[in-house]
$ cat upload-v5.csv   # CSV, C-alpha atoms and all ligand atoms
chain,number,residue,atom,x,y,z
A,1,MET,CA,121.9,76.9,105.9
A,2,SER,CA,124.6,79.4,107.0
A,3,SER,CA,123.1,82.0,104.7
A,4,ILE,CA,119.8,81.6,106.4
A,5,ILE,CA,121.4,82.0,109.8
A,6,GLY,CA,123.2,85.0,108.5
A,7,PHE,CA,120.0,86.5,107.1
A,8,VAL,CA,118.1,86.0,110.4
A,9,SER,CA,120.9,87.4,112.5
A,10,ARG,CA,121.3,90.5,110.2
A,11,VAL,CA,117.6,91.2,110.1
A,12,ARG,CA,117.2,90.8,113.8
A,13,THR,CA,120.1,93.1,114.6
A,14,THR,CA,118.9,95.6,112.0
A,15,PHE,CA,115.7,96.1,113.9
A,16,ASN,CA,117.3,95.9,117.3
A,17,PRO,CA,120.6,97.6,116.8
A,18,PRO,CA,123.0,97.7,119.7
A,19,GLU,CA,122.7,101.2,121.1
A,20,ALA,CA,125.9,103.3,120.7
A,21,LYS,CA,127.1,105.3,123.7
A,22,PRO,CA,127.6,109.0,122.9
A,23,LEU,CA,131.2,109.9,122.3
A,24,PRO,CA,132.6,112.0,125.2
A,25,ASN,CA,134.2,114.8,123.1
A,26,SER,CA,131.6,115.1,120.4
A,27,LYS,CA,128.4,117.1,120.3
A,28,PRO,CA,125.8,114.8,118.8
A,29,LEU,CA,124.0,116.0,115.6
A,30,LYS,CA,120.4,116.6,116.5
A,31,PHE,CA,117.8,115.7,113.9
A,32,GLY,CA,114.3,117.1,113.5
A,33,VAL,CA,111.9,115.0,111.5
A,34,LEU,CA,109.2,116.7,109.3
A,35,GLY,CA,106.0,114.6,109.4
A,36,ALA,CA,105.3,111.4,111.3
A,37,ALA,CA,106.3,109.5,108.2
A,38,ALA,CA,106.1,105.7,107.9
A,39,ILE,CA,109.6,105.6,106.4
A,40,ALA,CA,111.3,107.5,109.3
A,41,PRO,CA,111.9,104.5,111.6
A,42,ASP,CA,113.9,102.6,108.9
A,43,ALA,CA,115.5,105.6,107.3
A,44,LEU,CA,116.6,107.5,110.4
A,45,ILE,CA,115.3,106.5,113.8
A,46,ASN,CA,116.8,103.0,113.9
A,47,PRO,CA,120.1,103.9,112.2
A,48,VAL,CA,120.6,106.7,114.7
A,49,LYS,CA,120.5,104.3,117.6
A,50,SER,CA,123.8,102.7,116.7
A,51,HIS,CA,125.4,106.0,115.8
A,52,PRO,CA,127.4,107.6,118.6
A,53,GLU,CA,127.1,111.1,117.3
A,54,ALA,CA,123.5,111.5,116.2
A,55,VAL,CA,120.1,111.7,117.9
A,56,VAL,CA,116.5,112.2,116.7
A,57,PHE,CA,115.6,115.1,118.9
A,58,ALA,CA,112.2,116.3,117.5
A,59,VAL,CA,109.3,115.5,115.3
A,60,ALA,CA,106.6,117.8,113.8
A,61,ALA,CA,103.3,117.0,112.3
A,62,ARG,CA,100.4,119.3,111.4
A,63,ASP,CA,98.4,117.1,113.7
A,64,LYS,CA,100.2,117.5,117.0
A,65,GLU,CA,98.6,114.6,118.6
A,66,ARG,CA,99.9,112.4,115.8
A,67,ALA,CA,103.4,113.8,116.3
A,68,GLY,CA,103.0,113.2,120.0
A,69,ALA,CA,102.1,109.5,119.6
A,70,PHE,CA,104.9,109.1,117.1
A,71,ALA,CA,107.4,110.7,119.5
A,72,LYS,CA,106.3,108.5,122.4
A,73,LYS,CA,106.6,105.3,120.3
A,74,HIS,CA,110.1,106.2,119.2
A,75,GLY,CA,111.5,108.0,122.3
A,76,ILE,CA,111.8,111.4,120.6
A,77,ALA,CA,112.2,114.3,123.1
A,78,LYS,CA,110.4,117.2,121.5
A,79,VAL,CA,107.1,117.5,119.6
A,80,PHE,CA,105.9,120.3,117.3
A,81,GLY,CA,102.5,120.9,115.7
A,82,SER,CA,104.1,122.9,112.9
A,83,TYR,CA,107.0,122.2,110.5
A,84,GLN,CA,108.2,125.8,110.7
A,85,GLU,CA,108.4,125.8,114.5
A,86,LEU,CA,110.5,122.7,114.4
A,87,ILE,CA,112.8,124.2,111.7
A,88,ASP,CA,113.2,127.3,113.9
A,89,ASP,CA,114.2,125.4,117.0
A,90,PRO,CA,117.8,126.6,117.6
A,91,GLU,CA,118.8,123.2,119.2
A,92,ILE,CA,118.2,121.3,115.9
A,93,ASP,CA,121.1,120.9,113.6
A,94,ALA,CA,119.7,118.9,110.7
A,95,ILE,CA,116.2,118.3,109.2
A,96,TYR,CA,115.1,115.0,107.8
A,97,ASN,CA,112.5,115.7,105.1
A,98,PRO,CA,110.4,112.7,104.1
A,99,LEU,CA,107.4,114.8,103.1
A,100,PRO,CA,105.5,114.0,99.9
A,101,ASN,CA,107.6,114.9,96.8
A,102,GLY,CA,105.6,118.0,96.0
A,103,LEU,CA,106.5,119.5,99.4
A,104,HIS,CA,110.3,118.7,99.2
A,105,TYR,CA,111.2,122.0,97.6
A,106,GLU,CA,109.3,124.3,99.9
A,107,TRP,CA,110.4,122.7,103.2
A,108,THR,CA,113.9,122.1,102.2
A,109,MET,CA,114.3,125.7,101.1
A,110,LYS,CA,112.8,126.8,104.5
A,111,ALA,CA,115.1,124.5,106.5
A,112,LEU,CA,118.2,125.7,104.6
A,113,ALA,CA,117.1,129.3,105.1
A,114,ALA,CA,116.9,128.6,108.8
A,115,GLY,CA,120.5,127.4,108.7
A,116,LYS,CA,119.8,123.6,109.0
A,117,HIS,CA,121.5,120.8,107.1
A,118,VAL,CA,119.0,118.6,105.3
A,119,LEU,CA,118.7,114.9,104.6
A,120,LEU,CA,116.1,114.9,101.8
A,121,GLU,CA,114.1,111.9,100.7
A,122,LYS,CA,114.3,111.1,97.0
A,123,PRO,CA,113.3,112.2,94.4
A,124,ALA,CA,114.8,115.6,95.4
A,125,ALA,CA,111.8,117.6,94.2
A,126,ASN,CA,109.3,117.6,91.3
A,127,THR,CA,111.7,119.3,88.9
A,128,ALA,CA,115.4,119.6,88.2
A,129,GLU,CA,115.2,123.4,88.4
A,130,GLU,CA,113.9,123.2,92.0
A,131,THR,CA,116.6,120.7,92.7
A,132,ARG,CA,119.3,123.1,91.5
A,133,LYS,CA,117.8,125.9,93.6
A,134,MET,CA,117.9,123.9,96.7
A,135,PHE,CA,121.6,122.9,96.2
A,136,GLU,CA,122.5,126.5,95.3
A,137,LEU,CA,121.0,127.7,98.6
A,138,ALA,CA,122.8,125.0,100.5
A,139,GLU,CA,126.1,126.0,98.9
A,140,THR,CA,125.5,129.7,99.6
A,141,LYS,CA,124.8,128.9,103.3
A,142,GLY,CA,127.6,126.4,103.7
A,143,LEU,CA,125.1,123.6,104.6
A,144,VAL,CA,125.0,119.9,103.8
A,145,LEU,CA,122.1,118.8,101.6
A,146,LEU,CA,121.9,115.1,100.6
A,147,GLU,CA,119.3,113.4,98.4
A,148,ALA,CA,118.8,110.2,100.3
A,149,PHE,CA,119.8,107.6,97.7
A,150,HIS,CA,120.7,105.3,100.6
A,151,TYR,CA,121.6,102.3,98.5
A,152,ARG,CA,124.6,104.2,97.1
A,153,PHE,CA,126.3,104.0,100.5
A,154,HIS,CA,126.2,100.2,100.8
A,155,PRO,CA,129.3,98.1,100.1
A,156,ALA,CA,127.5,95.6,97.8
A,157,VAL,CA,126.7,98.5,95.4
A,158,HIS,CA,130.3,99.7,95.6
A,159,ARG,CA,131.5,96.2,94.9
A,160,VAL,CA,129.5,96.1,91.7
A,161,LYS,CA,130.8,99.5,90.6
A,162,ALA,CA,134.3,98.3,91.3
A,163,ILE,CA,133.9,95.2,89.2
A,164,ILE,CA,132.7,97.4,86.3
A,165,GLU,CA,135.5,99.9,86.8
A,166,SER,CA,138.2,97.2,87.0
A,167,GLY,CA,137.8,96.5,83.3
A,168,GLU,CA,137.5,92.8,83.9
A,169,LEU,CA,134.3,92.6,81.8
A,170,GLY,CA,135.2,95.4,79.3
A,171,ALA,CA,132.9,98.3,78.5
A,172,VAL,CA,129.3,98.4,79.6
A,173,GLN,CA,126.9,97.7,76.7
A,174,ARG,CA,123.4,97.4,78.2
A,175,THR,CA,121.8,97.8,81.7
A,176,THR,CA,118.4,96.9,83.0
A,177,THR,CA,117.5,98.2,86.4
A,178,SER,CA,114.1,97.3,88.0
A,179,LEU,CA,112.1,98.0,91.0
A,180,THR,CA,108.6,96.6,91.2
A,181,LEU,CA,106.2,95.6,94.0
A,182,PRO,CA,103.2,93.3,93.7
A,183,GLY,CA,99.8,95.0,93.8
A,184,GLY,CA,98.2,95.5,97.2
A,185,TYR,CA,101.0,97.4,99.1
A,186,MET,CA,99.7,100.7,98.0
A,187,LYS,CA,96.0,101.7,98.2
A,188,ALA,CA,94.5,103.6,95.3
A,189,ASN,CA,94.4,106.8,97.5
A,190,ASP,CA,98.1,106.6,98.4
A,191,ILE,CA,99.9,109.9,98.0
A,192,ARG,CA,102.2,108.2,95.5
A,193,PHE,CA,99.4,108.3,93.0
A,194,ASN,CA,98.6,112.0,93.6
A,195,TYR,CA,99.8,114.1,90.7
A,196,SER,CA,100.0,117.5,92.5
A,197,LEU,CA,102.0,115.9,95.3
A,198,GLY,CA,104.5,114.6,92.9
A,199,GLY,CA,103.2,111.1,92.4
A,200,GLY,CA,103.9,108.4,89.9
A,201,ALA,CA,105.9,105.2,89.7
A,202,LEU,CA,108.8,106.9,87.9
A,203,MET,CA,109.1,109.5,90.7
A,204,ASP,CA,108.8,107.0,93.5
A,205,MET,CA,110.5,103.7,92.7
A,206,GLY,CA,111.6,104.9,89.3
A,207,CYS,CA,114.0,107.4,90.7
A,208,TYR,CA,116.1,104.4,92.0
A,209,THR,CA,116.0,102.7,88.6
A,210,ILE,CA,117.2,105.9,86.9
A,211,ASN,CA,119.8,106.6,89.5
A,212,SER,CA,121.3,103.0,89.4
A,213,MET,CA,121.3,103.1,85.6
A,214,ARG,CA,123.3,106.3,85.6
A,215,TYR,CA,125.6,105.0,88.4
A,216,PHE,CA,126.4,101.6,86.9
A,217,ALA,CA,126.7,103.0,83.3
A,218,GLY,CA,128.8,105.8,84.6
A,219,VAL,CA,127.3,108.3,82.1
A,220,ASP,CA,124.0,110.2,81.7
A,221,PRO,CA,121.4,109.4,79.1
A,222,THR,CA,121.4,111.4,76.0
A,223,GLU,CA,118.0,110.4,74.6
A,224,VAL,CA,114.8,108.6,75.7
A,225,LEU,CA,114.2,106.0,73.0
A,226,SER,CA,110.8,104.8,74.2
A,227,VAL,CA,108.4,105.0,77.1
A,228,LYS,CA,105.4,102.8,78.1
A,229,HIS,CA,103.2,103.7,81.0
A,230,ASP,CA,100.3,102.0,82.8
A,231,LEU,CA,98.4,104.8,84.4
A,232,SER,CA,96.6,104.7,87.8
A,233,ASN,CA,95.1,108.2,87.4
A,234,PRO,CA,95.3,110.7,84.6
A,235,GLN,CA,98.9,111.9,84.4
A,236,VAL,CA,100.0,109.4,87.1
A,237,ASP,CA,101.9,106.2,86.1
A,238,ARG,CA,101.5,103.1,88.2
A,239,LYS,CA,104.1,101.5,85.9
A,240,THR,CA,106.8,102.8,83.6
A,241,VAL,CA,109.2,101.1,81.3
A,242,ALA,CA,111.6,103.4,79.5
A,243,LYS,CA,114.6,102.8,77.2
A,244,PHE,CA,117.5,105.2,77.0
A,245,ALA,CA,120.5,105.8,74.8
A,246,LEU,CA,123.7,106.7,76.6
A,247,PRO,CA,127.1,107.7,75.4
A,248,GLY,CA,129.4,104.8,74.2
A,249,SER,CA,126.5,103.0,72.4
A,250,ILE,CA,125.0,101.9,75.8
A,251,THR,CA,121.3,101.2,75.9
A,252,SER,CA,119.5,101.0,79.2
A,253,THR,CA,116.0,99.9,80.3
A,254,ILE,CA,114.3,100.9,83.5
A,255,VAL,CA,111.2,99.1,84.9
A,256,CYS,CA,109.3,100.4,87.8
A,257,ASP,CA,105.9,99.4,89.1
A,258,LEU,CA,104.1,100.4,92.3
A,259,GLY,CA,101.7,97.4,92.0
A,260,VAL,CA,102.2,94.6,89.6
A,261,PRO,CA,98.7,93.0,89.0
A,262,TRP,CA,98.4,89.5,90.5
A,263,LYS,CA,98.5,86.6,88.1
A,264,PHE,CA,95.0,85.3,87.5
A,265,LYS,CA,94.1,87.8,90.2
A,266,LEU,CA,95.2,85.1,92.7
A,267,ILE,CA,99.0,85.0,92.8
A,268,PRO,CA,101.2,88.0,93.8
A,269,SER,CA,104.3,88.4,91.7
A,270,MET,CA,107.7,88.4,93.3
A,271,PRO,CA,109.2,91.9,93.8
A,272,ASP,CA,111.8,92.7,91.2
A,273,LEU,CA,114.9,94.4,92.7
A,274,ASN,CA,117.4,93.4,90.1
A,275,ALA,CA,120.1,95.2,88.2
A,276,THR,CA,121.7,93.6,85.2
A,277,ILE,CA,124.8,95.1,83.6
A,278,LYS,CA,125.9,93.5,80.3
A,279,CYS,CA,129.4,94.2,79.3
A,280,GLU,CA,131.6,93.3,76.3
A,281,LYS,CA,133.1,90.2,77.9
A,282,GLY,CA,130.5,89.2,80.4
A,283,ASP,CA,127.7,90.4,82.7
A,284,ILE,CA,126.7,91.1,86.3
A,285,LYS,CA,123.4,90.2,87.8
A,286,PHE,CA,122.9,92.1,91.0
A,287,MET,CA,119.9,90.8,92.9
A,288,ASN,CA,118.5,93.3,95.4
A,289,TYR,CA,120.5,96.4,94.9
A,290,VAL,CA,118.0,98.5,96.9
A,291,MET,CA,118.0,96.6,100.2
A,292,PRO,CA,121.1,94.5,100.1
A,293,THR,CA,121.4,94.1,103.8
A,294,ALA,CA,118.6,91.6,104.0
A,295,TYR,CA,120.0,89.5,101.2
A,296,HIS,CA,121.7,90.1,97.9
A,297,SER,CA,123.8,88.3,95.3
A,298,ILE,CA,126.3,89.6,92.7
A,299,THR,CA,126.6,87.0,89.9
A,300,VAL,CA,129.5,87.6,87.5
A,301,THR,CA,129.4,85.5,84.4
A,302,THR,CA,132.1,85.4,81.7
A,303,GLY,CA,131.6,82.7,79.0
A,304,SER,CA,130.8,79.5,80.8
A,305,LYS,CA,132.3,80.7,84.1
A,306,SER,CA,130.2,82.2,86.9
A,307,ARG,CA,131.0,83.4,90.4
A,308,VAL,CA,128.8,84.8,93.2
A,309,GLU,CA,130.0,87.6,95.4
A,310,LYS,CA,128.4,89.3,98.4
A,311,ALA,CA,129.5,92.4,100.4
A,312,TYR,CA,127.9,93.4,103.7
A,313,THR,CA,130.8,95.5,105.0
A,314,PHE,CA,133.7,97.6,103.8
A,315,PRO,CA,137.2,96.5,105.0
A,316,ASP,CA,137.3,99.5,107.3
A,317,LEU,CA,133.6,100.4,107.8
A,318,GLY,CA,130.3,98.9,108.8
A,319,GLU,CA,128.7,95.8,110.4
A,320,PRO,CA,126.9,93.0,108.5
A,321,TRP,CA,123.6,94.3,109.9
A,322,TRP,CA,124.1,97.9,108.9
A,323,THR,CA,121.4,98.9,106.5
A,324,THR,CA,121.8,101.1,103.5
A,325,TYR,CA,120.3,103.9,105.7
A,326,ARG,CA,122.9,103.3,108.4
A,327,TYR,CA,125.7,103.6,105.9
A,328,GLN,CA,124.1,106.7,104.6
A,329,LEU,CA,123.8,108.2,108.1
A,330,GLU,CA,127.5,107.5,108.6
A,331,ALA,CA,128.4,109.6,105.6
A,332,PHE,CA,125.9,112.4,106.4
A,333,VAL,CA,127.2,112.9,109.9
A,334,ASN,CA,130.8,112.8,108.7
A,335,ARG,CA,130.0,115.4,106.0
A,336,VAL,CA,128.4,117.7,108.5
A,337,LYS,CA,131.4,117.3,110.8
A,338,GLY,CA,133.7,118.2,108.0
A,339,ARG,CA,135.3,114.7,107.7
A,340,PRO,CA,135.8,112.5,104.6
A,341,THR,CA,132.9,110.3,103.6
A,342,HIS,CA,133.1,106.8,102.1
A,343,ALA,CA,130.4,107.8,99.5
A,344,TRP,CA,128.3,110.7,98.4
A,345,VAL,CA,125.5,111.8,96.1
A,346,THR,CA,126.5,115.2,94.7
A,347,LYS,CA,124.5,118.2,93.6
A,348,GLU,CA,125.2,117.4,89.9
A,349,ASP,CA,124.1,113.8,90.4
A,350,SER,CA,120.8,114.8,92.0
A,351,ILE,CA,120.1,117.4,89.2
A,352,LYS,CA,120.9,114.9,86.4
A,353,ASN,CA,118.7,112.3,88.0
A,354,MET,CA,115.7,114.7,88.1
A,355,GLU,CA,116.5,115.8,84.5
A,356,ALA,CA,116.3,112.1,83.4
A,357,ILE,CA,113.0,111.6,85.2
A,358,GLU,CA,111.6,114.8,83.5
A,359,SER,CA,112.9,113.7,80.1
A,360,VAL,CA,110.8,110.5,80.3
A,361,TYR,CA,107.6,112.3,81.3
A,362,ALA,CA,108.3,114.8,78.5
A,363,LYS,CA,108.8,112.0,75.9
A,364,SER,CA,105.5,110.3,76.9
A,365,GLY,CA,103.6,113.5,77.1
A,366,LEU,CA,102.6,112.9,80.7
A,367,GLY,CA,104.6,116.0,81.7
A,368,SER,CA,106.7,116.9,84.7
A,369,ARG,CA,105.0,116.9,88.1
A,370,PRO,CA,103.9,120.5,89.0
A,371,LYS,CA,106.4,123.0,90.2
A,372,SER,CA,106.0,124.1,93.8
A,373,GLU,CA,104.0,127.4,94.3
A,374,TYR,CA,106.4,128.3,97.1
A,375,VAL,CA,108.4,131.4,96.4
A,376,PRO,CA,111.4,131.8,98.7
A,377,SER,CA,111.6,135.3,100.3
A,378,SER,CA,114.5,137.2,98.8
A,379,SER,CA,116.2,137.6,102.2
A,380,VAL,CA,117.4,134.0,102.3
B,401,LIG,C1,96.1,115.3,96.1
B,401,LIG,O1,96.6,115.9,97.3
B,401,LIG,C2,96.1,117.2,97.5
B,401,LIG,C3,96.9,117.9,98.6
B,401,LIG,O2,96.8,117.1,99.8
B,401,LIG,C4,94.6,117.1,97.7
B,401,LIG,O3,94.1,118.4,97.8
B,401,LIG,C5,94.0,116.5,96.5
B,401,LIG,O4,92.6,116.2,96.7
B,401,LIG,C6,94.6,115.1,96.2
B,401,LIG,N1,94.2,114.6,94.9
B,401,LIG,C7,93.7,113.4,94.8
B,401,LIG,C8,93.3,113.0,93.4
B,401,LIG,O5,93.6,112.6,95.7
B,402,LIG,C1,116.0,88.6,89.9
B,402,LIG,O1,117.3,87.9,90.0
B,402,LIG,C2,117.1,86.6,90.6
B,402,LIG,C3,118.5,86.0,90.8
B,402,LIG,O2,119.3,86.1,89.6
B,402,LIG,C4,116.2,85.7,89.8
B,402,LIG,O3,116.1,84.5,90.5
B,402,LIG,C5,114.9,86.4,89.6
B,402,LIG,O4,114.1,85.6,88.8
B,402,LIG,C6,115.0,87.8,89.1
B,402,LIG,N1,113.8,88.4,89.1
B,402,LIG,C7,113.2,88.9,88.0
B,402,LIG,C8,111.8,89.4,88.1
B,402,LIG,O5,113.7,88.9,86.9
$ encode --input "upload-v5.csv" --output "structure tokens" --more "lines below"
Ligand SMILES: *[C@@H]1O[C@H](CO)[C@@H](O)[C@H](O)[C@H]1NC(C)=O
Ligand SMILES: *[C@@H]1O[C@H](CO)[C@@H](O)[C@H](O)[C@H]1NC(C)=O
Amino acid sequence: MSSIIGFVSRVRTTFNPPEAKPLPNSKPLKFGVLGAAAIAPDALINPVKSHPEAVVFAVAARDKERAGAFAKKHGIAKVFGSYQELIDDPEIDAIYNPLPNGLHYEWTMKALAAGKHVLLEKPAANTAEETRKMFELAETKGLVLLEAFHYRFHPAVHRVKAIIESGELGAVQRTTTSLTLPGGYMKANDIRFNYSLGGGALMDMGCYTINSMRYFAGVDPTEVLSVKHDLSNPQVDRKTVAKFALPGSITSTIVCDLGVPWKFKLIPSMPDLNATIKCEKGDIKFMNYVMPTAYHSITVTTGSKSRVEKAYTFPDLGEPWWTTYRYQLEAFVNRVKGRPTHAWVTKEDSIKNMEAIESVYAKSGLGSRPKSEYVPSSSV
């Protein structure tokens, strides 16, 4: 019962966060949002409300009326009908880029060229090479660029990593990381199924399964052992199951599916958001590693003994209702302000993640998603 009350209270506060008062001696970080994206309220607009040093200041959409309606709904001060105009606004410090994957490279490069920090939705780009170029430009310009693997900032995820690193269970032997949704959430014409825009289950949900595999195993895959896709369109996977070999005789499986077909066409399947880490002396079952704020459980089993842990806050950071995105925002703002962060996703991490995604598409023959046609001007 108490866990139900906890759930209701966390979820209610998550969607109606107490608004933070601006800090008197701090200039708030002003964000501009590219596109009136459906993910922006969860990923940035709500988290910003409870952050005393950040505001969502502007939004741009190619359809200015759409941007205007979005701004009105979310109390955003400034509206642009072009991404470039927003990027060029001198008042804006940081760009949030939730555009389709295939546009990540172009608009992140343009934002960095204009001197803006960038919070970039995952996967970072269509290719590892583009990912490297974006981070190199950010380094050259002394700007913060973060691939928004928000789950990596949550205490429950850190707790699982700490259990692994404590040595309690011995070396990691096998991991399985999954992310699946029942069919019906995404229509057939969803951009996630569009090859030229960087579509595919492995790009969308799969980027989490690959990232969490690499994070919990603590090493990068050396070989793709097998791949199985279910396709939605030619070259676009609705479902991918891949097996990897990693150093230390670890084998890992990832499962991602943008729409698990209903049983008998009648019964939707439960979403699968589980990570299982099997070690020499026991295993960890982590239920809901992607959105742990709503609910999660960490079940640690050794022999016949089993315990369940949960972690909604760090000892010195957070509130039970803070989402993964709120924890991520905390780190992003701290980084921009030159302060230490409780977690980070590095350049190398983002590049390696994209390399692993491309290695799966290479193995299956589906091929990497197309490179952007955008060529940065040499003056940046
Ligand atoms: C994919 O998106 C591009 C760019 O918006 C569009 O031109 C193309 O028709 C789309 N392809 C499909 C199969 O929907
Ligand atoms: C995910 O983990 C939970 C808790 O251990 C379990 O009840 C559920 O069946 C798992 N889901 C799948 C699809 O394996």
$ closest_residue --input "upload-v5.csv" --among "A:Pro100, A:Pro247, A:Gly303, A:Gly259" --to "ligand LIG 401 (chain B)" --atoms "all atoms listed in the file"
A:Pro100
$ residues_around --input "upload-v5.csv" --residues "segment 15-22 of chain A" --least-positions-apart "4" --cutoff "12 Å" --atoms "all atoms listed in the file" --output "PyMOL selection string"
chain A and resi 8-11+26-29+41-55+293-294+319-323+326
$ residues_near_ligand --input "upload-v5.csv" --ligand "ligand LIG 401 (chain B)" --cutoff "6 Å" --atoms "only C-alpha atoms and all ligand atoms" --output "PDB file with C-alpha atoms, keeping the file's coordinate frame"
ATOM      1  CA  ASN A 194      98.600 112.000  93.600  1.00  0.00           C
ATOM      2  CA  SER A 196     100.000 117.500  92.500  1.00  0.00           C
ATOM      3  CA  LEU A 197     102.000 115.900  95.300  1.00  0.00           C
TER       4      LEU A 197
END
$ residues_near_ligand --input "upload-v5.csv" --ligand "ligand LIG 402 (chain B)" --cutoff "10 Å" --atoms "all atoms listed in the file" --output "list in words"
Ser178, Leu179, Thr180, Ser269, Met270, Pro271, Asp272, Leu273, Asn274, Ala275, Thr276, Ile284, Lys285, Phe286, Met287, Asn288, His296, Ser297, Ile298 and Thr299 of chain A
$ residues_around --input "upload-v5.csv" --residues "segment 363-369 of chain A" --least-positions-apart "3" --cutoff "9 Å" --atoms "only C-alpha atoms" --output "VMD selection string"
chain A and resid 102 126 to 127 195 to 200 203 224 to 229 234 to 237 357 to 360
$ decode --input "upload-v5.csv" --residues "segment 261-272 of chain A" --atoms "N, CA, C and O atoms" --output "PDB file, in the first residue's frame"
ATOM      1  N   PRO A 261       3.767  -7.053 -31.498  1.00  0.00           N
ATOM      2  CA  PRO A 261       2.408  -7.404 -31.932  1.00  0.00           C
ATOM      3  C   PRO A 261       1.570  -7.956 -30.777  1.00  0.00           C
ATOM      4  O   PRO A 261       2.101  -8.620 -29.889  1.00  0.00           O
ATOM      5  N   TRP A 262       0.274  -7.655 -30.786  1.00  0.00           N
ATOM      6  CA  TRP A 262      -0.606  -8.113 -29.712  1.00  0.00           C
ATOM      7  C   TRP A 262      -0.821  -9.623 -29.797  1.00  0.00           C
ATOM      8  O   TRP A 262      -0.886 -10.171 -30.897  1.00  0.00           O
ATOM      9  N   LYS A 263      -0.963 -10.239 -28.620  1.00  0.00           N
ATOM     10  CA  LYS A 263      -1.243 -11.680 -28.584  1.00  0.00           C
ATOM     11  C   LYS A 263      -2.633 -11.939 -29.148  1.00  0.00           C
ATOM     12  O   LYS A 263      -3.589 -11.293 -28.740  1.00  0.00           O
ATOM     13  N   PHE A 264      -2.738 -12.882 -30.046  1.00  0.00           N
ATOM     14  CA  PHE A 264      -4.003 -13.209 -30.736  1.00  0.00           C
ATOM     15  C   PHE A 264      -4.655 -11.962 -31.335  1.00  0.00           C
ATOM     16  O   PHE A 264      -5.866 -11.889 -31.494  1.00  0.00           O
ATOM     17  N   LYS A 265      -3.827 -10.928 -31.572  1.00  0.00           N
ATOM     18  CA  LYS A 265      -4.311  -9.623 -32.070  1.00  0.00           C
ATOM     19  C   LYS A 265      -5.268  -8.947 -31.092  1.00  0.00           C
ATOM     20  O   LYS A 265      -5.986  -8.011 -31.438  1.00  0.00           O
ATOM     21  N   LEU A 266      -5.332  -9.403 -29.847  1.00  0.00           N
ATOM     22  CA  LEU A 266      -6.314  -8.899 -28.875  1.00  0.00           C
ATOM     23  C   LEU A 266      -5.671  -8.309 -27.628  1.00  0.00           C
ATOM     24  O   LEU A 266      -6.180  -7.362 -27.037  1.00  0.00           O
ATOM     25  N   ILE A 267      -4.539  -8.910 -27.219  1.00  0.00           N
ATOM     26  CA  ILE A 267      -3.996  -8.572 -25.898  1.00  0.00           C
ATOM     27  C   ILE A 267      -2.636  -7.894 -26.049  1.00  0.00           C
ATOM     28  O   ILE A 267      -1.686  -8.502 -26.546  1.00  0.00           O
ATOM     29  N   PRO A 268      -2.546  -6.611 -25.635  1.00  0.00           N
ATOM     30  CA  PRO A 268      -1.235  -5.955 -25.738  1.00  0.00           C
ATOM     31  C   PRO A 268      -0.257  -6.568 -24.741  1.00  0.00           C
ATOM     32  O   PRO A 268      -0.653  -6.971 -23.645  1.00  0.00           O
ATOM     33  N   SER A 269       1.005  -6.671 -25.123  1.00  0.00           N
ATOM     34  CA  SER A 269       2.022  -7.195 -24.206  1.00  0.00           C
ATOM     35  C   SER A 269       2.411  -6.102 -23.214  1.00  0.00           C
ATOM     36  O   SER A 269       2.207  -4.920 -23.477  1.00  0.00           O
ATOM     37  N   MET A 270       2.976  -6.485 -22.083  1.00  0.00           N
ATOM     38  CA  MET A 270       3.506  -5.494 -21.148  1.00  0.00           C
ATOM     39  C   MET A 270       4.802  -4.925 -21.736  1.00  0.00           C
ATOM     40  O   MET A 270       5.565  -5.664 -22.346  1.00  0.00           O
ATOM     41  N   PRO A 271       5.046  -3.616 -21.536  1.00  0.00           N
ATOM     42  CA  PRO A 271       6.348  -3.101 -21.968  1.00  0.00           C
ATOM     43  C   PRO A 271       7.453  -3.838 -21.205  1.00  0.00           C
ATOM     44  O   PRO A 271       7.254  -4.217 -20.052  1.00  0.00           O
ATOM     45  N   ASP A 272       8.574  -4.065 -21.826  1.00  0.00           N
ATOM     46  CA  ASP A 272       9.719  -4.688 -21.162  1.00  0.00           C
ATOM     47  C   ASP A 272      10.819  -3.635 -21.022  1.00  0.00           C
ATOM     48  O   ASP A 272      11.385  -3.181 -22.016  1.00  0.00           O
TER      49      ASP A 272
END
